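Asker: One structure follows; several queries about it will come next.
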Amino acid sequence: TETTATVPTVTVEGTVTDLTVNNEDAKVDTSAGTVTNTPTTGVKGVKVVDSADKTNYYGSVSTALADGVKEVTLLGDIDSDMLSAITTDLTLNLNGKTLTLKGNSAYNNWTNQYWYPAIYINGSSAINLVINGGASSESTDNRGKIVLGYPCYADIEFSESNGFTAANAGILFWYDAGDLTINGGEINFGSKPSYGIDFEGSKLAITGTKFKSTATHGNTVIYTEVSQDATIKDVTINSVALGGIYASGSKTQNKTSKVTVQNSTITISGTNTNGYTWLSSALAASHGSELTVESGTYSAQVAAAYVFSSGGTINLKAGSYTGTTNCLRVDRSASELTESSVGSYIYYASGCTQSGTNATNISSGYNGKIEEKSF
């Protein structure tokens with residue numbers, strides 16, 4: 001017997017007690033216990049019931065998450081969804097569709113303010129999030145997309161007066177929140193966020209993803225705060241003012257970041273309009289962190305690679321680097337965030353292509369330099 005779901009929620013009894021269909025296009029064969037006509041809208045979710053994987057269908061990602069799924073696959077474009085904080089391991093399969101997300105209210109105890117990230121992981125427990133967006137070789141029409149729609153970040157925008165403590169991130173991993181893996185796809189952060197990805201977790205792995213930001217002021221598209229295992233490969237970043245990849249750290253937690261970038265293309269077309277112009281660099285390191293580039297093409301108005309005044313190291317093993325103000329730059333001066341013994345260094349291999357002048361700005365009593373090195 002075949003029944004067609006014509007109401008928002010249909011639960012089929014008997015052999016498919018676990019199967020809930022939230023879609024008018026779904027058809028369920030009650031004798032076989034299978035969906036014979038897969039919905040073309042909404043999402044498919046997989047959850048564990050009695051130690052076994054069960055498949056349900058939902059009208060939105062947020063509804064699926066509320067039901068405790070471990071894996072979500074988009075069956076059609078989802079508009080104006082809003083996700084609660086993700087509290088369990090999750091795999092999100094974009095399946096060539098577009099997921100448009102509103103901001104999710106997340107309270108920041110440090111600043112007594114509400115942030116509005118679209119995807120939020122709090123480190124009360126280590127969470128592993130995997131986003132599968134489609135291979136980088138797929139055409140634009142076939143790649144899954146995440147778009148951050150209004151009102152993401154509507155209440156708090158980055159400005160020179162409130163600094164970064166009131167900033168927002170499109171994807172926020174907070175307080176040692178676990179692992180983040182992004183495979184392919186496209187993520188458009190729009191014009192509001194100060195950070196595209198703000199990652200304070202264990203392992204970050206991004207492969208083949210295209211990122212876009214049209215913000216005219218803010219921090220960075222991919223910002224790693226305390227990760228010792230971050231690999232970014234075959235990535236494209238096009239940004240107006242947010243920097244490309246920034247390996248940062250935290251003295252208060254006695255932690256730094258270690259980031260490896262492979263075969264990526266980063267283009268920063270402008271500079272911050274609300275101060276902090278140095279952040280509009282293609283590659284950056286600070287607070288004693290280390291960023292290593294193995295290949296790729298990197299260009300920015302401010303600098304292709306920049307070590308900020310609190311110190312750090314950037315290793316350029318290969319690739320092409322272009323900067324309008326400076327190609328490579330290191331600063332080092334007094335900072336409450338890093339011990340004075342930490343210097344600012346950029347090392348580049350002889351095969352690197354450089355366009356633009358290099359600059360060092362090292363205060364007395366500190367160390368720093370830009371020089372060729374054999375790796």
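Residue numbers start at 1 in each chain; chains themselves are named A, B, ... in the order of the structure tokens; ligands are numbered from 1 in the order shown.
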Running DSSP on the backbone, which parts of segment 147-362 of chain A land in strand (DSSP E), as a PyMOL selection string?

Answerer: chain A and resi 147-148+169-174+178-184+186-188+195-199+203-207+210-213+220-224+229-233+236-239+243-247+258-262+264-268+283-285+289-293+296-300+305-307+312-316+320-323+328-332+344-348+353-355+359-362

Asker: For the selection just defined, write its residues with C-alpha atoms to a file, as a tab-separated table (two decimals), in the first residue's frame.

Answerer:
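result-v7.tsv written:
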chain	number	residue	atom	x	y	z
A	147	VAL	CA	24.93	32.07	2.53
A	148	LEU	CA	24.70	34.20	5.65
A	169	ALA	CA	31.81	35.17	13.32
A	170	GLY	CA	29.92	33.33	10.61
A	171	ILE	CA	31.13	30.02	12.03
A	172	LEU	CA	32.15	30.31	15.68
A	173	PHE	CA	34.05	27.57	17.52
A	174	TRP	CA	34.45	28.83	21.06
A	178	GLY	CA	36.43	20.44	19.02
A	179	ASP	CA	37.15	19.76	15.33
A	180	LEU	CA	35.88	21.48	12.19
A	181	THR	CA	36.14	19.89	8.73
A	182	ILE	CA	34.90	21.61	5.56
A	183	ASN	CA	35.10	19.78	2.24
A	184	GLY	CA	34.41	21.78	-0.92
A	186	GLU	CA	31.10	27.76	-1.18
A	187	ILE	CA	30.54	29.99	1.85
A	188	ASN	CA	29.48	33.60	1.35
A	195	TYR	CA	35.29	37.01	11.19
A	196	GLY	CA	34.26	34.43	8.63
A	197	ILE	CA	35.46	31.50	10.74
A	198	ASP	CA	36.63	32.13	14.31
A	199	PHE	CA	38.18	28.82	15.35
A	203	LYS	CA	41.73	20.38	14.57
A	204	LEU	CA	40.76	22.50	11.57
A	205	ALA	CA	40.76	20.96	8.08
A	206	ILE	CA	39.43	22.88	5.06
A	207	THR	CA	39.84	21.51	1.53
A	210	LYS	CA	35.51	28.92	-1.92
A	211	PHE	CA	35.02	31.81	0.51
A	212	LYS	CA	33.70	35.30	-0.16
A	213	SER	CA	33.39	38.41	2.03
A	220	THR	CA	39.76	37.81	8.95
A	221	VAL	CA	37.99	35.23	6.80
A	222	ILE	CA	39.74	32.26	8.49
A	223	TYR	CA	40.97	33.07	12.00
A	224	THR	CA	42.63	30.37	14.12
A	229	ASP	CA	46.55	21.37	13.92
A	230	ALA	CA	45.09	23.51	11.12
A	231	THR	CA	45.44	22.58	7.44
A	232	ILE	CA	43.92	24.71	4.69
A	233	LYS	CA	44.27	23.27	1.18
A	236	THR	CA	39.98	30.29	-2.69
A	237	ILE	CA	39.33	33.47	-0.70
A	238	ASN	CA	38.01	36.66	-2.29
A	239	SER	CA	37.59	39.46	0.24
A	243	GLY	CA	42.23	39.38	5.82
A	244	GLY	CA	42.65	35.92	4.35
A	245	ILE	CA	44.16	33.52	6.91
A	246	TYR	CA	45.36	34.66	10.33
A	247	ALA	CA	47.22	32.39	12.80
A	258	LYS	CA	50.07	26.32	14.00
A	259	VAL	CA	48.62	26.56	10.48
A	260	THR	CA	49.64	24.99	7.16
A	261	VAL	CA	48.34	26.42	3.86
A	262	GLN	CA	48.64	24.51	0.59
A	264	SER	CA	45.41	28.20	-2.21
A	265	THR	CA	44.50	31.53	-3.81
A	266	ILE	CA	43.80	34.57	-1.64
A	267	THR	CA	42.89	38.00	-3.00
A	268	ILE	CA	42.21	40.96	-0.68
A	283	LEU	CA	48.38	35.92	5.36
A	284	ALA	CA	49.14	36.91	8.95
A	285	ALA	CA	50.57	35.61	12.23
A	289	SER	CA	51.92	31.55	16.31
A	290	GLU	CA	53.34	29.96	13.15
A	291	LEU	CA	51.92	29.86	9.62
A	292	THR	CA	53.57	27.80	6.86
A	293	VAL	CA	52.70	28.16	3.17
A	296	GLY	CA	49.71	29.10	-3.93
A	297	THR	CA	49.03	32.72	-4.94
A	298	TYR	CA	48.49	35.49	-2.39
A	299	SER	CA	47.85	39.19	-2.96
A	300	ALA	CA	46.61	42.15	-0.92
A	305	ALA	CA	52.26	38.20	4.38
A	306	TYR	CA	52.45	40.14	7.64
A	307	VAL	CA	53.68	39.25	11.14
A	312	GLY	CA	55.21	35.10	15.28
A	313	THR	CA	56.62	33.28	12.27
A	314	ILE	CA	55.56	32.86	8.64
A	315	ASN	CA	57.37	30.30	6.45
A	316	LEU	CA	56.97	30.68	2.69
A	320	SER	CA	53.60	33.87	-5.50
A	321	TYR	CA	53.21	36.92	-3.24
A	322	THR	CA	52.06	40.42	-4.21
A	323	GLY	CA	51.48	43.43	-1.96
A	328	LEU	CA	56.23	41.01	3.11
A	329	ARG	CA	56.24	42.87	6.44
A	330	VAL	CA	57.20	42.17	10.08
A	331	ASP	CA	56.50	44.38	13.11
A	332	ARG	CA	57.57	43.86	16.73
A	344	SER	CA	58.69	38.45	14.31
A	345	TYR	CA	60.04	36.48	11.35
A	346	ILE	CA	59.20	35.80	7.72
A	347	TYR	CA	61.35	33.22	5.96
A	348	TYR	CA	61.01	32.63	2.24
A	353	THR	CA	57.92	35.01	-6.48
A	354	GLN	CA	57.62	38.42	-4.82
A	355	SER	CA	56.11	41.65	-6.12
A	359	ALA	CA	59.43	46.20	5.34
A	360	THR	CA	60.60	45.59	8.92
A	361	ASN	CA	59.54	47.67	11.91
A	362	ILE	CA	61.28	46.22	14.97

Asker: In Å to one decimal, how far is atom CA of Gly190 of chain A from atom CA of Gly68 of chain A?

Answerer: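 Atom-to-atom, atom CA of Gly68 of chain A to atom CA of Gly190 of chain A, that is 29.4 Å.
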
Asker: If you measure from atom CA of Lys255 of chain A to atom CA of Ala126 of chain A, what distance in Å do you get, rounded to one decimal?

Answerer: 17.3 Å

Asker: Work out how far atom CA of Gly201 of chain A is from atom CA of Gly218 of chain A, in Å to one decimal.

Answerer: 21.3 Å

Asker: Fewer than 6 positions away in the same chain doesn't count, so skip those; otherwise give me all residues within 6 Å of Glu225 of chain A, counting only C-alpha atoms, as a JSON list (two decimals) with all heavy atoms, in the first residue's frame.

Answerer:
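That gives us part_15.json:
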[["chain", "number", "residue", "atom", "x", "y", "z"],
["A", 199, "PHE", "N", 38.00, 30.21, 14.90],
["A", 199, "PHE", "CA", 38.18, 28.82, 15.35],
["A", 199, "PHE", "C", 39.09, 28.77, 16.57],
["A", 199, "PHE", "O", 40.27, 29.09, 16.51],
["A", 199, "PHE", "CB", 38.79, 27.99, 14.22],
["A", 199, "PHE", "CG", 38.93, 26.53, 14.56],
["A", 199, "PHE", "CD1", 37.82, 25.70, 14.53],
["A", 199, "PHE", "CD2", 40.15, 26.00, 14.94],
["A", 199, "PHE", "CE1", 37.93, 24.35, 14.87],
["A", 199, "PHE", "CE2", 40.27, 24.65, 15.27],
["A", 199, "PHE", "CZ", 39.16, 23.83, 15.23],
["A", 200, "GLU", "N", 38.51, 28.35, 17.67],
["A", 200, "GLU", "CA", 39.26, 28.05, 18.88],
["A", 200, "GLU", "C", 38.93, 26.61, 19.24],
["A", 200, "GLU", "O", 38.03, 26.32, 20.02],
["A", 200, "GLU", "CB", 38.85, 28.99, 20.02],
["A", 200, "GLU", "CG", 39.66, 28.78, 21.29],
["A", 200, "GLU", "CD", 39.22, 29.69, 22.41],
["A", 200, "GLU", "OE1", 38.79, 30.82, 22.13],
["A", 200, "GLU", "OE2", 39.30, 29.26, 23.57],
["A", 248, "SER", "N", 46.60, 33.17, 14.98],
["A", 248, "SER", "CA", 46.73, 33.97, 16.18],
["A", 248, "SER", "C", 46.97, 33.06, 17.38],
["A", 248, "SER", "O", 47.26, 31.88, 17.24],
["A", 248, "SER", "CB", 45.47, 34.82, 16.38],
["A", 248, "SER", "OG", 45.61, 35.66, 17.50],
["A", 249, "GLY", "N", 46.87, 33.61, 18.60],
["A", 249, "GLY", "CA", 47.10, 32.84, 19.80],
["A", 249, "GLY", "C", 46.56, 33.57, 21.00],
["A", 249, "GLY", "O", 45.96, 34.64, 20.89]]

Asker: Give me, as a VMD selection string, all polymer residues having an atom no more than 10 Å from Asn93 of chain A, counting only C-alpha atoms and skipping those fewer than 3 positions away in the same chain.

Answerer: chain A and resid 43 to 44 71 to 75 90 96 to 97 130 to 134 144 183 185
